[in-house]
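See below for data_3.txt, which holds compact mmCIF, C-alpha atoms.
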# COMPACT_ATOMS: atom_id res chain seq x y z
CA MET A 1 0.00 0.00 0.00
CA ASP A 2 1.13 3.53 -0.71
CA ALA A 3 3.33 5.07 1.96
CA GLY A 4 0.91 7.97 2.24
CA ALA A 5 -2.08 5.77 3.05
CA VAL A 6 -4.05 6.63 6.17
CA ASP A 7 -3.78 4.20 9.07
CA ARG A 8 -7.15 2.43 9.31
CA PRO A 9 -8.45 0.92 12.55
CA PRO A 10 -9.38 -2.77 12.59
CA LEU A 11 -13.11 -3.38 12.34
CA ARG A 12 -14.60 -6.67 13.45
CA SER A 13 -18.24 -5.87 12.68
CA LEU A 14 -19.75 -3.54 10.08
CA LEU A 15 -23.53 -3.45 10.38
CA PHE A 16 -25.76 -2.37 7.49
CA VAL A 17 -28.41 0.20 8.40
CA PRO A 18 -30.93 1.40 5.78
CA GLY A 19 -30.43 5.04 4.85
CA THR A 20 -34.12 5.58 5.53
CA ARG A 21 -33.75 4.19 9.08
CA THR A 22 -30.96 6.26 10.60
CA GLY A 23 -32.92 6.15 13.85
CA TRP A 24 -31.67 2.58 14.19
CA LEU A 25 -28.09 3.73 14.74
CA PRO A 26 -28.40 3.64 18.54
CA LYS A 27 -29.33 -0.05 18.23
CA ALA A 28 -26.22 -0.67 16.15
CA ARG A 29 -24.09 1.08 18.74
CA ALA A 30 -25.77 -0.76 21.61
CA ALA A 31 -25.07 -4.07 19.86
CA GLY A 32 -21.37 -3.18 19.89
CA ALA A 33 -20.86 -2.68 16.15
CA ASP A 34 -17.44 -1.27 15.34
CA ALA A 35 -18.99 0.45 12.31
CA ALA A 36 -22.35 1.10 10.69
CA ILE A 37 -22.88 1.16 6.93
CA LEU A 38 -25.70 3.55 6.05
CA ASP A 39 -27.14 2.06 2.89
CA LEU A 40 -28.31 4.26 0.04
CA GLU A 41 -28.29 1.45 -2.53
CA ASP A 42 -30.29 -1.79 -2.28
CA ALA A 43 -32.03 -0.92 1.00
CA VAL A 44 -33.64 2.23 -0.43
CA PRO A 45 -36.24 2.28 -3.25
CA ALA A 46 -35.58 4.69 -6.12
CA SER A 47 -38.35 7.04 -5.02
CA GLY A 48 -36.86 7.36 -1.55
CA LYS A 49 -33.21 7.92 -2.45
CA PRO A 50 -33.18 11.76 -2.39
CA ALA A 51 -34.76 11.88 1.08
CA ALA A 52 -32.47 9.12 2.35
CA ARG A 53 -29.42 10.95 1.02
CA ALA A 54 -30.38 14.10 2.94
CA GLN A 55 -31.11 12.08 6.08
CA VAL A 56 -27.75 10.30 5.94
CA ALA A 57 -25.86 13.54 5.31
CA ASP A 58 -27.49 15.08 8.37
CA VAL A 59 -26.54 12.11 10.55
CA ILE A 60 -22.91 12.32 9.43
CA THR A 61 -22.80 16.04 10.16
CA ARG A 62 -24.16 15.46 13.66
CA ALA A 63 -21.73 12.57 14.18
CA ALA A 64 -18.81 14.96 13.75
CA ALA A 65 -19.92 16.98 16.77
CA PRO A 66 -17.83 16.03 19.85
CA ALA A 67 -20.91 15.65 22.03
CA ASP A 68 -22.71 13.28 19.64
CA GLN A 69 -22.46 9.67 20.75
CA ALA A 70 -22.86 8.41 17.16
CA GLY A 71 -19.45 9.88 16.46
CA ARG A 72 -17.96 7.07 18.52
CA MET A 73 -19.02 4.46 15.98
CA ALA A 74 -17.40 4.59 12.55
CA LEU A 75 -19.92 5.62 9.91
CA PHE A 76 -19.70 4.40 6.32
CA VAL A 77 -22.13 4.99 3.47
CA ARG A 78 -22.93 2.55 0.69
CA VAL A 79 -23.62 4.74 -2.32
CA ASN A 80 -25.07 3.74 -5.66
CA PRO A 81 -22.75 2.57 -8.47
CA MET A 82 -20.58 5.21 -10.15
CA ASP A 83 -22.27 4.72 -13.53
CA GLY A 84 -23.99 8.10 -13.64
CA TRP A 85 -24.23 11.51 -12.01
CA ALA A 86 -26.42 10.18 -9.21
CA GLY A 87 -23.47 8.38 -7.62
CA ALA A 88 -21.27 11.47 -7.85
CA GLU A 89 -23.99 13.60 -6.29
CA GLU A 90 -24.27 11.14 -3.41
CA LEU A 91 -20.55 11.40 -2.75
CA ARG A 92 -20.74 15.17 -2.66
CA ALA A 93 -23.69 14.99 -0.27
CA VAL A 94 -22.20 12.57 2.27
CA VAL A 95 -18.45 13.26 2.22
CA ARG A 96 -17.95 15.58 5.19
CA PRO A 97 -16.42 15.48 8.67
CA GLY A 98 -17.84 12.49 10.53
CA LEU A 99 -17.64 10.06 7.58
CA ALA A 100 -15.23 7.16 7.94
CA GLY A 101 -15.60 5.75 4.45
CA ILE A 102 -17.56 4.91 1.33
CA VAL A 103 -18.74 1.44 0.36
CA LEU A 104 -18.75 1.26 -3.44
CA PRO A 105 -21.01 -1.44 -4.98
CA LYS A 106 -20.82 -3.30 -8.28
CA VAL A 107 -17.11 -2.68 -8.80
CA ARG A 108 -15.99 -4.29 -12.07
CA SER A 109 -12.42 -3.08 -12.49
CA ALA A 110 -9.72 -0.75 -11.22
CA ARG A 111 -11.18 2.02 -13.39
CA ASP A 112 -14.29 2.15 -11.21
CA VAL A 113 -12.08 2.63 -8.17
CA GLU A 114 -9.92 5.26 -9.87
CA LEU A 115 -13.01 7.29 -10.73
CA ALA A 116 -14.37 7.06 -7.19
CA ASP A 117 -10.95 7.95 -5.80
CA ARG A 118 -10.75 11.11 -7.91
CA LEU A 119 -14.27 12.15 -6.94
CA LEU A 120 -13.54 11.50 -3.27
CA GLY A 121 -10.38 13.57 -3.49
CA TRP A 122 -12.38 16.46 -4.93
CA CYS A 123 -15.01 16.13 -2.19
CA GLU A 124 -12.30 16.07 0.49
CA ARG A 125 -10.79 19.28 -0.84
CA GLU A 126 -14.23 20.88 -0.95
CA GLN A 127 -14.84 19.92 2.70
CA GLY A 128 -11.36 20.82 3.91
CA LEU A 129 -10.55 17.20 4.80
CA PRO A 130 -7.04 15.73 4.58
CA PRO A 131 -6.38 13.88 1.29
CA GLY A 132 -7.19 10.20 1.57
CA GLN A 133 -9.00 10.48 4.90
CA VAL A 134 -12.19 8.85 3.57
CA ALA A 135 -11.69 5.10 3.24
CA LEU A 136 -13.03 3.21 0.24
CA ILE A 137 -14.45 -0.33 0.39
CA PRO A 138 -15.05 -1.72 -3.12
CA LEU A 139 -17.67 -4.46 -3.18
CA LEU A 140 -16.69 -7.26 -5.55
CA GLU A 141 -20.13 -8.30 -6.77
CA THR A 142 -19.35 -9.25 -10.38
CA ALA A 143 -17.30 -12.10 -11.80
CA ARG A 144 -14.92 -9.62 -13.40
CA GLY A 145 -14.52 -7.70 -10.17
CA LEU A 146 -13.69 -10.88 -8.27
CA ARG A 147 -11.25 -11.93 -11.01
CA GLU A 148 -9.48 -8.56 -10.85
CA ALA A 149 -9.46 -8.21 -7.06
CA TYR A 150 -5.69 -7.60 -6.89
CA ASP A 151 -5.73 -4.78 -9.44
CA ILE A 152 -8.78 -3.26 -7.77
CA ALA A 153 -7.11 -3.44 -4.36
CA ARG A 154 -4.06 -1.57 -5.68
CA ALA A 155 -6.03 1.10 -7.53
CA ALA A 156 -6.03 3.67 -4.68
CA PRO A 157 -4.26 4.01 -1.31
CA ARG A 158 -7.57 4.78 0.40
CA ILE A 159 -8.86 1.22 -0.15
CA ALA A 160 -9.41 -0.69 3.09
CA TYR A 161 -11.37 -3.67 4.41
CA LEU A 162 -11.65 -5.23 0.91
CA GLY A 163 -12.84 -8.83 0.86
CA ALA A 164 -15.31 -11.26 -0.69
CA LEU A 165 -18.98 -11.21 0.30
CA THR A 166 -20.87 -14.42 -0.48
CA ALA A 167 -24.44 -14.04 0.73
CA PRO A 168 -27.04 -16.50 -0.58
CA GLY A 169 -29.09 -15.41 -3.58
CA GLY A 170 -27.26 -12.13 -4.05
CA ASP A 171 -25.21 -10.55 -6.80
CA VAL A 172 -22.14 -12.73 -6.25
CA GLU A 173 -24.05 -16.03 -6.31
CA ARG A 174 -25.78 -14.94 -9.52
CA ALA A 175 -22.50 -13.79 -11.10
CA VAL A 176 -20.45 -16.87 -10.20
CA GLY A 177 -23.17 -19.52 -10.30
CA TYR A 178 -22.38 -21.39 -7.09
CA ARG A 179 -25.15 -22.82 -4.91
CA TRP A 180 -24.94 -21.42 -1.41
CA SER A 181 -24.92 -23.71 1.60
CA PRO A 182 -24.72 -22.92 5.32
CA ALA A 183 -21.36 -24.72 5.49
CA GLY A 184 -19.90 -22.28 2.99
CA THR A 185 -17.64 -24.90 1.42
CA GLU A 186 -18.57 -23.82 -2.11
CA THR A 187 -17.10 -20.34 -1.53
CA VAL A 188 -14.03 -21.15 0.56
CA ALA A 189 -11.75 -21.05 -2.48
CA LEU A 190 -13.29 -17.77 -3.67
CA ARG A 191 -13.00 -16.08 -0.30
CA SER A 192 -9.45 -17.36 0.11
CA ARG A 193 -8.30 -16.12 -3.29
CA VAL A 194 -9.77 -12.66 -2.78
CA LEU A 195 -8.17 -12.50 0.66
CA LEU A 196 -4.78 -13.39 -0.82
CA ASP A 197 -5.21 -10.66 -3.44
CA ALA A 198 -6.11 -8.15 -0.73
CA ARG A 199 -3.16 -9.12 1.45
CA ALA A 200 -0.76 -9.05 -1.48
CA ALA A 201 -1.98 -5.56 -2.34
CA GLY A 202 -1.46 -4.39 1.23
CA VAL A 203 -5.13 -3.78 2.02
CA PRO A 204 -5.54 -3.23 5.77
CA CYS A 205 -8.01 -5.32 7.78
CA PRO A 206 -9.91 -7.35 5.12
CA VAL A 207 -13.52 -8.18 5.98
CA SER A 208 -15.99 -10.65 4.51
CA GLY A 209 -19.66 -11.65 4.92
CA LEU A 210 -22.64 -11.97 4.85
CA TRP A 211 -24.87 -14.22 6.97
CA THR A 212 -28.53 -13.54 6.16
CA ARG A 213 -30.32 -16.04 8.43
CA VAL A 214 -31.32 -13.67 11.18
CA GLY A 215 -32.26 -16.22 13.84
CA ASP A 216 -29.55 -18.80 13.12
CA LEU A 217 -26.79 -17.61 15.44
CA SER A 218 -25.10 -21.01 15.62
CA GLY A 219 -24.84 -21.05 11.84
CA LEU A 220 -23.48 -17.51 11.93
CA ARG A 221 -20.85 -18.52 14.47
CA ALA A 222 -19.68 -21.45 12.36
CA PHE A 223 -19.49 -19.29 9.24
CA ALA A 224 -17.67 -16.52 11.11
CA GLU A 225 -15.17 -18.98 12.57
CA GLN A 226 -14.51 -20.39 9.11
CA THR A 227 -14.05 -16.88 7.75
CA ARG A 228 -11.68 -15.99 10.58
CA SER A 229 -9.68 -19.17 9.99
CA LEU A 230 -9.13 -18.09 6.38
CA GLY A 231 -7.45 -14.91 7.61
CA TYR A 232 -10.18 -12.26 7.53
CA GLU A 233 -10.32 -9.76 10.37
CA GLY A 234 -14.04 -8.95 10.40
CA MET A 235 -17.44 -9.39 8.80
CA MET A 236 -20.28 -7.28 7.51
CA ALA A 237 -23.65 -7.95 9.15
CA ILE A 238 -27.31 -7.26 8.47
CA HIS A 239 -28.83 -7.55 11.95
CA PRO A 240 -27.80 -6.21 15.39
CA SER A 241 -28.15 -9.67 16.95
CA HIS A 242 -25.27 -10.86 14.78
CA VAL A 243 -22.80 -8.26 16.05
CA PRO A 244 -21.90 -9.77 19.46
CA VAL A 245 -21.22 -13.17 17.85
CA ILE A 246 -19.03 -11.63 15.15
CA ASN A 247 -17.12 -9.49 17.65
CA GLU A 248 -16.44 -12.51 19.83
CA VAL A 249 -15.22 -14.66 16.96
CA PHE A 250 -12.91 -11.97 15.61
CA SER A 251 -11.42 -11.15 19.02
CA PRO A 252 -8.76 -13.37 20.60
CA GLY A 253 -9.91 -15.19 23.72
CA ALA A 254 -8.23 -15.06 27.10
CA ALA A 255 -6.47 -18.40 26.56
CA GLU A 256 -5.06 -17.26 23.21
CA LEU A 257 -3.81 -13.99 24.70
CA THR A 258 -2.17 -15.81 27.60
CA ARG A 259 -0.47 -18.24 25.24
CA CYS A 260 0.80 -15.43 23.02
CA ALA A 261 2.31 -13.60 25.97
CA ALA A 262 3.96 -16.77 27.26
CA LEU A 263 5.31 -17.65 23.81
CA ILE A 264 6.88 -14.21 23.43
CA THR A 265 8.50 -14.53 26.85
CA ALA A 266 9.88 -17.99 26.00
CA VAL A 267 11.38 -16.86 22.68
CA GLU A 268 12.88 -13.68 24.14
CA SER A 269 14.38 -15.62 27.03
CA ALA A 270 15.91 -18.09 24.58
CA GLN A 271 17.32 -15.24 22.50
CA LYS A 272 19.00 -13.74 25.55
CA ASN A 273 20.70 -17.09 26.07
CA GLY A 274 21.89 -17.16 22.46
CA THR A 275 19.28 -19.63 21.20
CA GLY A 276 17.09 -18.90 18.18
CA ALA A 277 14.48 -21.61 18.68
CA VAL A 278 12.98 -23.10 21.82
CA SER A 279 10.52 -25.83 22.76
CA PHE A 280 7.23 -24.29 23.93
CA GLN A 281 4.19 -26.33 24.93
CA GLY A 282 5.31 -29.25 22.78
CA GLU A 283 6.20 -27.15 19.71
CA MET A 284 9.38 -25.60 18.38
CA VAL A 285 8.95 -21.83 18.18
CA ASP A 286 11.21 -18.98 17.10
CA GLU A 287 11.14 -15.27 16.27
CA ALA A 288 8.66 -15.75 13.42
CA MET A 289 6.09 -17.19 15.82
CA ALA A 290 6.87 -14.46 18.35
CA ARG A 291 6.18 -11.77 15.73
CA THR A 292 2.80 -13.38 15.01
CA ALA A 293 2.00 -13.47 18.73
CA ARG A 294 2.93 -9.80 19.09
CA LEU A 295 0.60 -8.96 16.21
CA VAL A 296 -2.27 -10.82 17.91
CA LEU A 297 -1.70 -8.82 21.10
CA GLU A 298 -1.50 -5.54 19.20
CA ARG A 299 -4.72 -6.28 17.31
CA HIS A 300 -6.40 -7.12 20.59
CA ARG A 301 -5.36 -3.76 22.02
CA ALA A 302 -6.70 -2.08 18.88
CA HIS A 303 -10.02 -3.92 19.20
CA VAL A 304 -10.27 -2.84 22.83
CA ARG A 305 -9.74 0.77 21.80
CA VAL A 306 -12.46 0.47 19.14
CA SER A 307 -14.83 -1.19 21.62
CA ASP A 308 -14.24 1.60 24.13
CA GLN A 309 -15.05 4.18 21.44
CA THR A 310 -18.26 2.48 20.34
CA GLY A 311 -19.45 1.64 23.82
CA GLY A 312 -19.46 -2.01 22.74
CA GLN A 313 -18.89 -5.06 24.83

In structure tokens, write the structure found in this file.
Amino acid sequence: MDAGAVDRPPLRSLLFVPGTRTGWLPKARAAGADAAILDLEDAVPASGKPAARAQVADVITRAAAPADQAGRMALFVRVNPMDGWAGAEELRAVVRPGLAGIVLPKVRSARDVELADRLLGWCEREQGLPPGQVALIPLLETARGLREAYDIARAAPRIAYLGALTAPGGDVERAVGYRWSPAGTETVALRSRVLLDARAAGVPCPVSGLWTRVGDLSGLRAFAEQTRSLGYEGMMAIHPSHVPVINEVFSPGAAELTRCAALITAVESAQKNGTGAVSFQGEMVDEAMARTARLVLERHRAHVRVSDQTGGQ
């Protein structure tokens, strides 16, 4: 990623909230969501988009006020595709202090990102915001977009949280042709390849999703654990009840934290004695494993900071 890229906080849970239902934001915050995605695309009918745009812009403005509690939860906006002036007008309406980022749907290639990046830069200048402050999350919802994930990820330094979303019956299932199952085995390879592209491009904190079965929390947990095991750092969600499960899965547990701290101590003690590798809990470990353990602890501290800001659990 470009050296000038803005440092982005890790986000475990990004909860969609319809742009016509901004009054639901307190529920998102109470659920512990690290971020809310105010949706101006699929969740809003064409006739309601102008009113929703104004409503979302007002919420973002109020979120920038120090006394507003909503400012403690990162706010993103999913705009409509950049295939006409409507998308550009939405960017101009919502890019202002208080906005964490833009979620860009139906991304087909790096050109879509480059256009959005230029428009965002113009909006930032108009609002007096630092260049690159507004993050960009391209949604890979077409076969071409998924195929070109690496090029898309490298198209602008402001890109963050890029990953593969594989909800049942949605744009990706229609584009690729897989048949969704709760086990998610049919999309493991797809999610893994997009994650590798994102990591290779230097995208910070990739996230995936979605789980659409509102009442099936055990299924959500299994899917989230699978997603975490692939290497993702968070998930998008569609219901507040999903947020605590997602946050728990994407946060290291007490036993993992204790083991990481002990492993670091063992390796550093061995290094002081002139030994590069040491036996630890039945395994041979060295500096590479210690670096991974330090990263886990640092991410945990970052998650705690985010949770404190959002008032989450």

Within 6 Å of range 204-214 of chain A, which residues of range 92-171 of chain A show up? Give each one with its shortest atom-to-atom distance in Å (one decimal) and the two atoms involved, counting only C-alpha atoms, rows by chain then rising residue number, as JSON lines.
{"residue": "A:Ala160", "atom": "CA", "partner": "A:Pro204", "partner_atom": "CA", "distance": 5.3}
{"residue": "A:Tyr161", "atom": "CA", "partner": "A:Pro206", "partner_atom": "CA", "distance": 4.0}
{"residue": "A:Leu162", "atom": "CA", "partner": "A:Pro206", "partner_atom": "CA", "distance": 5.0}
{"residue": "A:Gly163", "atom": "CA", "partner": "A:Ser208", "partner_atom": "CA", "distance": 5.2}
{"residue": "A:Ala164", "atom": "CA", "partner": "A:Ser208", "partner_atom": "CA", "distance": 5.3}
{"residue": "A:Leu165", "atom": "CA", "partner": "A:Gly209", "partner_atom": "CA", "distance": 4.7}
{"residue": "A:Ala167", "atom": "CA", "partner": "A:Leu210", "partner_atom": "CA", "distance": 4.9}

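Interatomic distance, CA of Lys106 in chain A against CA of Pro10 in chain A: 23.8 Å.
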
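Nearest residue to Ala266 in chain A, choosing from A:Asp216, A:Asp58, A:Glu148, A:Glu283 and counting all atoms listed in the file: A:Glu283.
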
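For the atom pair formed by CA of Ala46 in chain A and CA of Ala93 in chain A, the distance is 16.8 Å, given to one decimal.
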
Spatial neighbours of Val59 in chain A, 10 Å, all atoms listed in the file, chain gap at least 4 places, as a PyMOL selection string: chain A and resi 19+22-23+25+38+54-55+63-64+68+70-71+75+94+98-99

Of the residues A:Leu91, A:Ala33, A:Ile159, A:Val296, which is the one nearest to Val113 in chain A, using only C-alpha atoms?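 For Val113 in chain A, the nearest of the given residues is A:Ile159.
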
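Take CA of Ala35 in chain A and CA of Arg144 in chain A: the distance between them is 27.9 Å.
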
Using all atoms listed in the file, which residue out of A:Met73, A:Arg199, A:Pro105, A:Arg291 lies closest to Lys27 in chain A? A:Met73

For the point (-20.4, 1.1, -15.3) in file coordinates, what residues are within 12 Å, counting all atoms listed in the file? Give the answer as a PyMOL selection string? chain A and resi 80-85+87+104-113+115-116+142+145

Shortest interatomic distance to Gly184 in chain A - which of A:Thr166, A:Val267, A:Ala28, A:Ala262, counting all atoms listed in the file: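 Distance minimum relative to Gly184 in chain A lands on A:Thr166.
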
With a distance cut-off of 8 Å and all atoms listed in the file, select the neighbouring residues of Trp180 in chain A, excluding the residue or stretch itself and same-chain residues fewer than 5 positions from it, and output the selection as a list in words.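 These residues fall inside the cut-off: Ala167, Pro168, Gly169, Glu173, Glu186 and Thr187 of chain A.
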
Would you pick out the contacts of Thr275 in chain A at 12 Å or less, using all atoms listed in the file, so that residues sharing its chain but fewer than 4 positions from it are not included, and give the list as a PyMOL selection string? chain A and resi 266-271+279+284-287

Could you check the closest approach to Ala198 in chain A for each of A:Leu120, A:Cys260, A:Ala57, A:Ile152 and tell me which residue wins, using all atoms listed in the file?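 Among the listed residues, A:Ile152 lies closest to Ala198 in chain A.
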
For Leu129 in chain A, please output as an MDAnalysis selection string all residues within 12 Å (counting all atoms listed in the file; exclusion window: fewer than 4 positions along the same chain). chainID A and resid 95:100 120:125 133:134

Identify, on the basis of only C-alpha atoms, every residue whose closest approach to Leu217 in chain A does not exceed 12 Å; exclude the query and any residue fewer than 3 positions from it along the same chain; express the result as a ChimeraX atom specification. /A:182,211-214,220-224,237,239-246

Just checking: using all atoms listed in the file, which residue out of A:Thr20, A:Ser181, A:Val249, A:Ala86 ends up closest to Pro45 in chain A?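 Under the stated criterion, the closest residue is A:Thr20.
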
Can you take the partial range 262-272 of chain A, add all heavy atoms, and return it as a tab-separated table (two decimals), keeping the file's coordinate frame?
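Resulting contents of out_36.tsv:
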chain	number	residue	atom	x	y	z
A	262	ALA	N	2.99	-15.79	26.78
A	262	ALA	CA	3.96	-16.77	27.26
A	262	ALA	C	4.93	-17.17	26.15
A	262	ALA	O	6.14	-17.36	26.41
A	262	ALA	CB	3.22	-18.00	27.80
A	263	LEU	N	4.44	-17.30	24.93
A	263	LEU	CA	5.31	-17.65	23.81
A	263	LEU	C	6.36	-16.57	23.57
A	263	LEU	O	7.55	-16.87	23.37
A	263	LEU	CB	4.47	-17.87	22.55
A	263	LEU	CG	5.18	-18.39	21.31
A	263	LEU	CD1	4.21	-19.19	20.42
A	263	LEU	CD2	5.80	-17.28	20.46
A	264	ILE	N	5.93	-15.33	23.62
A	264	ILE	CA	6.88	-14.21	23.43
A	264	ILE	C	7.95	-14.25	24.51
A	264	ILE	O	9.15	-14.09	24.23
A	264	ILE	CB	6.12	-12.87	23.46
A	264	ILE	CG1	5.20	-12.76	22.24
A	264	ILE	CG2	7.10	-11.69	23.48
A	264	ILE	CD1	4.21	-11.61	22.33
A	265	THR	N	7.54	-14.47	25.75
A	265	THR	CA	8.50	-14.53	26.85
A	265	THR	C	9.50	-15.67	26.65
A	265	THR	O	10.71	-15.50	26.86
A	265	THR	CB	7.76	-14.72	28.18
A	265	THR	OG1	6.90	-13.61	28.40
A	265	THR	CG2	8.73	-14.85	29.34
A	266	ALA	N	9.00	-16.84	26.21
A	266	ALA	CA	9.88	-17.99	26.00
A	266	ALA	C	10.90	-17.71	24.90
A	266	ALA	O	12.09	-18.02	25.05
A	266	ALA	CB	9.04	-19.22	25.66
A	267	VAL	N	10.47	-17.14	23.79
A	267	VAL	CA	11.38	-16.86	22.68
A	267	VAL	C	12.40	-15.80	23.08
A	267	VAL	O	13.60	-15.94	22.80
A	267	VAL	CB	10.59	-16.41	21.44
A	267	VAL	CG1	11.53	-15.89	20.35
A	267	VAL	CG2	9.75	-17.56	20.90
A	268	GLU	N	11.95	-14.74	23.75
A	268	GLU	CA	12.88	-13.68	24.14
A	268	GLU	C	13.89	-14.17	25.17
A	268	GLU	O	15.07	-13.77	25.13
A	268	GLU	CB	12.09	-12.48	24.66
A	268	GLU	CG	11.29	-11.78	23.57
A	268	GLU	CD	10.48	-10.61	24.07
A	268	GLU	OE1	10.35	-10.47	25.32
A	268	GLU	OE2	9.95	-9.83	23.25
A	269	SER	N	13.45	-15.03	26.05
A	269	SER	CA	14.38	-15.62	27.03
A	269	SER	C	15.43	-16.48	26.33
A	269	SER	O	16.62	-16.43	26.67
A	269	SER	CB	13.62	-16.46	28.06
A	269	SER	OG	12.75	-15.66	28.82
A	270	ALA	N	14.98	-17.26	25.34
A	270	ALA	CA	15.91	-18.09	24.58
A	270	ALA	C	16.91	-17.23	23.82
A	270	ALA	O	18.11	-17.55	23.74
A	270	ALA	CB	15.15	-18.99	23.63
A	271	GLN	N	16.44	-16.13	23.25
A	271	GLN	CA	17.32	-15.24	22.50
A	271	GLN	C	18.39	-14.63	23.39
A	271	GLN	O	19.54	-14.47	22.98
A	271	GLN	CB	16.49	-14.14	21.82
A	271	GLN	CG	15.61	-14.65	20.69
A	271	GLN	CD	14.64	-13.60	20.18
A	271	GLN	OE1	14.37	-12.61	20.85
A	271	GLN	NE2	14.09	-13.83	18.98
A	272	LYS	N	18.01	-14.29	24.62
A	272	LYS	CA	19.00	-13.74	25.55
A	272	LYS	C	20.09	-14.74	25.89
A	272	LYS	O	21.22	-14.37	26.22
A	272	LYS	CB	18.29	-13.29	26.83
A	272	LYS	CG	17.40	-12.07	26.65
A	272	LYS	CD	16.69	-11.70	27.95
A	272	LYS	CE	15.79	-10.48	27.75
A	272	LYS	NZ	15.04	-10.14	29.00
